[in-house]
Structures are given as C-alpha cells and as structure tokens.
Amino acid sequence: MNLLRFLLVLLVLMMAFGIQAVASVSEQSNDKHQQARYSELGDLLTVEQAQGRFAWLRKCYDDVLVELWERMHASSDIVDKEEKLRQLKALWLSDTALAAGKAQYLTFANTDFTNPYQWYAGTSAHEACSIMPVEYEPVALKTTVLPRSYCENRSYEHEWEWISEVTVDDSTHQSEKHDHSLISGKVFVLRANQASKVTIKPGNKEPEFPSYVAARVWIDWDHNGQFESSEMVYRSASSGVFKFLLNVPATVPEGLTLMRVATDAGGGSNDACTRIHYGEVEDYLVTVR
Ligand SMILES: [Ca+2]
C-alpha cells in the first residue's frame, strides 16, 4: 500500500468536509484525474455501517487491520493482535466520535482509485466474507458524513446512455458511465431561499445520435432518509442538455442531505427507488446553508 497516497486522500477528505487535518503530508503528485475517479467510489457509510465495516473487517480481514496498525505505529514493539485491533477501534470508533455522528472507516479500491469489480467491503458482522480482488487495497480512511442510508437504485443497462456531468452553480462533477454512482469527496452547496443553476449532461455512446432521455432530480429536503413525491425537484425529457433553476425552500433544515439525479431512456419513474432501465443514477451530497 502506498501510505503517502492513502494519507493524501485522507487529507483531501478532511479538507472537503471542513475537518482539521491532523496529519501533515507533502505529496507532489496531485493527480486531479485520480481524485475525480476516487470521488466516484462512493462507499459512504452511516455511523452504524462504519461500525459494521470494522466488525466485518475484523471477522474477514483482520490481517489488513493489523498491517495498518503496524504502519501507523512503525513499531517493532510486541503488541498482540487483539490489542492492536482494540486500539484501532478506539481510534476510529471512539464514544466521542460516535456521539458526534462521526466515525471512521476504511474504503477499498484498485490502486488507481477505481473499483472495476464493484467490490465493497461488508458493513455488518453478519455479512458473509467475500474475497477482495487481489490488487485491491485500503485507499482511504473516511469519516462518516451520511446521516442515514437511502433506498438503492441503479440502471439495468448503462452502455448506451449515462450521466456524464452534473453542475450546481460553479461546481461541476464529471464522471464515467456507471449504473449507479454515489459521489464522495464533493459536496454541492445550496443556499436556503435562493435558486441554484443546475445542469445535467447525459452521456451517449453515439453522441451524434443522442437518445431521448427522461431526467429527474430528488432532494431529501426534510432529512428523513426518503424521497417523498413532494421532494422531486425536477422532471423533464430531452435529447439535449438539461438546465434548470433549483429553488431551495426557505424552510428546509440546514445541513447535509442527499440529492439523487436519474436519467432513463426508458422513461424512468417518479419514484426515486424504482429501478431505472437505460441510464444512470447519481447520488450527491448537498449541504444547505
Ligand atoms: Ca425526505
């Protein structure tokens, strides 16, 4: 494992979420492309899932945890395995961190920050162990930012149509084609009682013959972990780029929540949890201030 890069990502994440970095790391190669790919890894966990991740790793990959402890401590002291695991858990899942809704957890991917096998480490000790792809390694220690989990949605087919770019005001996220992306490392900022300019660019396998796709956007305004029908903030259909003004209600609570963007050449559904046919679902963190 490239420890420097691991720490770099950690640092980037901490800065992205406004957390004081405790580590001071100098890393010359600031590869924006890698960071962009990294942000598509998703794997955003709730506090409970972060606890489950540790328990699952302890059950299935305790050697990975031990190796991390040894790298962090650069120590030749004889400390038994159980003590190393106890210390890691105390560091990442302390009572203080849990009470604050924060917890830390490892996320895994290929060394180029991609997840070609769509493999994710478990999030509960009850989950069966699965075999990590051989080239995978821990790529970041993340801090939980997702207060609750949401219904899954992904497309059956994403070879011909997908979402290539989403912009909210001055902030843009470009991405490759996936059936579903949970974007980490980027948070769109919305201002209560104001309008934000949103652009959604569909991707097409044959750009000269763009598909006619339906686009929908939902935001969990009330932070209850569900996309009610009243929370569908946009619906349209076109073979071009979608542009609209997103009015942010004056009354929505401040803080972090989820925005779901879906495009479907099969027409899609007004239900944010109904699986789409030909396109992509992208979930973004948004913060209302
Ligand atoms: Ca809601």
# chains A, B, ... in the order shown; residues from 1 in each chain; ligands from 1
>>> residues_near_ligand(ligand="ligand 1", cutoff="12 Å", atoms="only C-alpha atoms and all ligand atoms", output="PyMOL selection string")
chain A and resi 148-151+218-233+252-253+257-260+272
>>> residues_around(residues="segment 276-287 of chain A", least_positions_apart="5", cutoff="8 Å", atoms="only C-alpha atoms", output="compact mmCIF listing (two decimals) with N, CA and C atoms, in the first residue's frame")
# COMPACT_ATOMS: atom_id res chain seq x y z
N ASN A 153 -30.82 2.40 -5.93
CA ASN A 153 -31.37 2.46 -7.29
C ASN A 153 -30.19 2.42 -8.25
N ARG A 154 -30.36 1.69 -9.32
CA ARG A 154 -29.33 1.62 -10.35
C ARG A 154 -30.02 1.22 -11.65
N SER A 155 -29.30 1.39 -12.76
CA SER A 155 -29.93 1.05 -14.04
C SER A 155 -29.65 -0.40 -14.39
N TYR A 156 -30.53 -0.96 -15.19
CA TYR A 156 -30.29 -2.31 -15.71
C TYR A 156 -29.23 -2.28 -16.81
N GLU A 157 -29.13 -1.10 -17.48
CA GLU A 157 -28.26 -1.03 -18.67
C GLU A 157 -27.68 0.39 -18.74
N HIS A 158 -26.35 0.48 -18.84
CA HIS A 158 -25.75 1.82 -18.89
C HIS A 158 -24.70 1.94 -19.98
N TRP A 160 -25.30 2.50 -23.23
CA TRP A 160 -25.65 3.45 -24.30
C TRP A 160 -25.94 4.84 -23.77
N GLU A 161 -26.51 4.91 -22.58
CA GLU A 161 -26.84 6.22 -22.00
C GLU A 161 -26.38 6.24 -20.55
N TRP A 162 -25.87 7.39 -20.13
CA TRP A 162 -25.46 7.55 -18.74
C TRP A 162 -25.46 9.04 -18.42
N ILE A 163 -25.01 9.41 -17.22
CA ILE A 163 -24.89 10.83 -16.86
C ILE A 163 -23.40 11.18 -16.93
N LYS A 177 -19.19 6.25 -17.18
CA LYS A 177 -20.51 5.61 -17.14
C LYS A 177 -20.56 4.50 -16.09
N HIS A 178 -21.64 4.54 -15.34
CA HIS A 178 -21.90 3.54 -14.30
C HIS A 178 -23.41 3.29 -14.28
N ASP A 179 -23.80 2.22 -13.60
CA ASP A 179 -25.24 2.05 -13.38
C ASP A 179 -25.69 2.93 -12.21
N HIS A 180 -24.78 3.11 -11.25
CA HIS A 180 -25.08 3.97 -10.11
C HIS A 180 -23.78 4.55 -9.59
N SER A 181 -23.79 5.83 -9.20
CA SER A 181 -22.62 6.43 -8.56
C SER A 181 -23.07 7.16 -7.32
N LEU A 182 -22.36 6.88 -6.24
CA LEU A 182 -22.54 7.67 -5.02
C LEU A 182 -21.29 8.52 -4.93
N ILE A 183 -21.44 9.82 -5.10
CA ILE A 183 -20.27 10.68 -5.25
C ILE A 183 -19.76 11.08 -3.86
N SER A 184 -18.53 10.73 -3.58
CA SER A 184 -17.94 11.16 -2.31
C SER A 184 -16.86 12.19 -2.61
N LYS A 186 -17.10 15.30 -2.80
CA LYS A 186 -17.60 16.54 -3.40
C LYS A 186 -18.98 16.80 -2.80
N VAL A 187 -19.17 18.01 -2.34
CA VAL A 187 -20.46 18.37 -1.75
C VAL A 187 -20.95 19.64 -2.45
N PHE A 188 -22.14 19.59 -3.02
CA PHE A 188 -22.73 20.79 -3.62
C PHE A 188 -23.34 21.65 -2.52
N VAL A 189 -23.12 22.95 -2.63
CA VAL A 189 -23.66 23.87 -1.62
C VAL A 189 -24.91 24.55 -2.17
N LEU A 190 -25.99 24.50 -1.42
CA LEU A 190 -27.23 25.18 -1.78
C LEU A 190 -27.52 26.23 -0.71
N GLU A 254 -30.97 23.22 7.71
CA GLU A 254 -29.57 23.30 7.26
C GLU A 254 -28.91 21.94 7.44
N GLY A 255 -27.83 21.76 6.71
CA GLY A 255 -27.04 20.55 6.91
C GLY A 255 -26.99 19.67 5.68
N LEU A 256 -26.35 18.53 5.87
CA LEU A 256 -26.03 17.64 4.76
C LEU A 256 -27.18 16.70 4.46
N THR A 257 -27.48 16.58 3.16
CA THR A 257 -28.50 15.61 2.77
C THR A 257 -28.17 15.07 1.38
N LEU A 258 -29.07 14.27 0.82
CA LEU A 258 -28.73 13.60 -0.43
C LEU A 258 -29.58 14.13 -1.59
N MET A 259 -28.93 14.30 -2.72
CA MET A 259 -29.63 14.64 -3.97
C MET A 259 -29.46 13.47 -4.94
N ARG A 260 -30.54 12.99 -5.49
CA ARG A 260 -30.48 11.89 -6.46
C ARG A 260 -30.84 12.41 -7.84
N VAL A 261 -29.97 12.13 -8.81
CA VAL A 261 -30.19 12.51 -10.20
C VAL A 261 -30.34 11.21 -11.00
N ALA A 262 -31.38 11.11 -11.80
CA ALA A 262 -31.56 9.90 -12.61
C ALA A 262 -31.90 10.28 -14.04
N THR A 263 -31.27 9.61 -14.98
CA THR A 263 -31.68 9.74 -16.39
C THR A 263 -32.03 8.36 -16.90
N ASP A 264 -33.08 8.29 -17.71
CA ASP A 264 -33.54 6.99 -18.19
C ASP A 264 -34.13 7.14 -19.59
N ALA A 265 -33.52 6.43 -20.56
CA ALA A 265 -34.07 6.43 -21.91
C ALA A 265 -35.33 5.55 -21.96
N GLY A 266 -35.60 4.87 -20.86
CA GLY A 266 -36.82 4.06 -20.78
C GLY A 266 -37.95 4.80 -20.11
N GLY A 268 -38.17 6.19 -17.12
CA GLY A 268 -37.96 6.38 -15.69
C GLY A 268 -39.24 6.32 -14.88
N SER A 269 -39.13 6.70 -13.62
CA SER A 269 -40.27 6.64 -12.71
C SER A 269 -40.21 7.85 -11.78
>>> closest_residue(among="A:Trp56, A:Phe108, A:Trp92, A:Tyr136", to="Gly122 of chain A", atoms="only C-alpha atoms")
A:Trp56
>>> residues_around(residues="Ala237 of chain A", least_positions_apart="5", cutoff="7 Å", atoms="only C-alpha atoms", output="PDB file with C-alpha atoms, in the first residue's frame")
ATOM      1  CA  TYR A 212     -34.208  10.939 -25.813  1.00  0.00           C
ATOM      2  CA  VAL A 213     -33.995  10.541 -22.037  1.00  0.00           C
ATOM      3  CA  ALA A 214     -36.101  11.462 -19.040  1.00  0.00           C
ATOM      4  CA  ALA A 215     -34.271  13.270 -16.249  1.00  0.00           C
TER       5      ALA A 215
END
>>> select_by_dssp(residues="segment 55-142 of chain A", states="strand (DSSP E)", output="PyMOL selection string")
chain A and resi 104-109+137-142
>>> atom_distance(atom1="atom CA of Tyr120 of chain A", atom2="atom CA of Ser175 of chain A")
19.4 Å
>>> residues_around(residues="Leu146 of chain A", least_positions_apart="3", cutoff="7 Å", atoms="only C-alpha atoms", output="count of residues only")
3
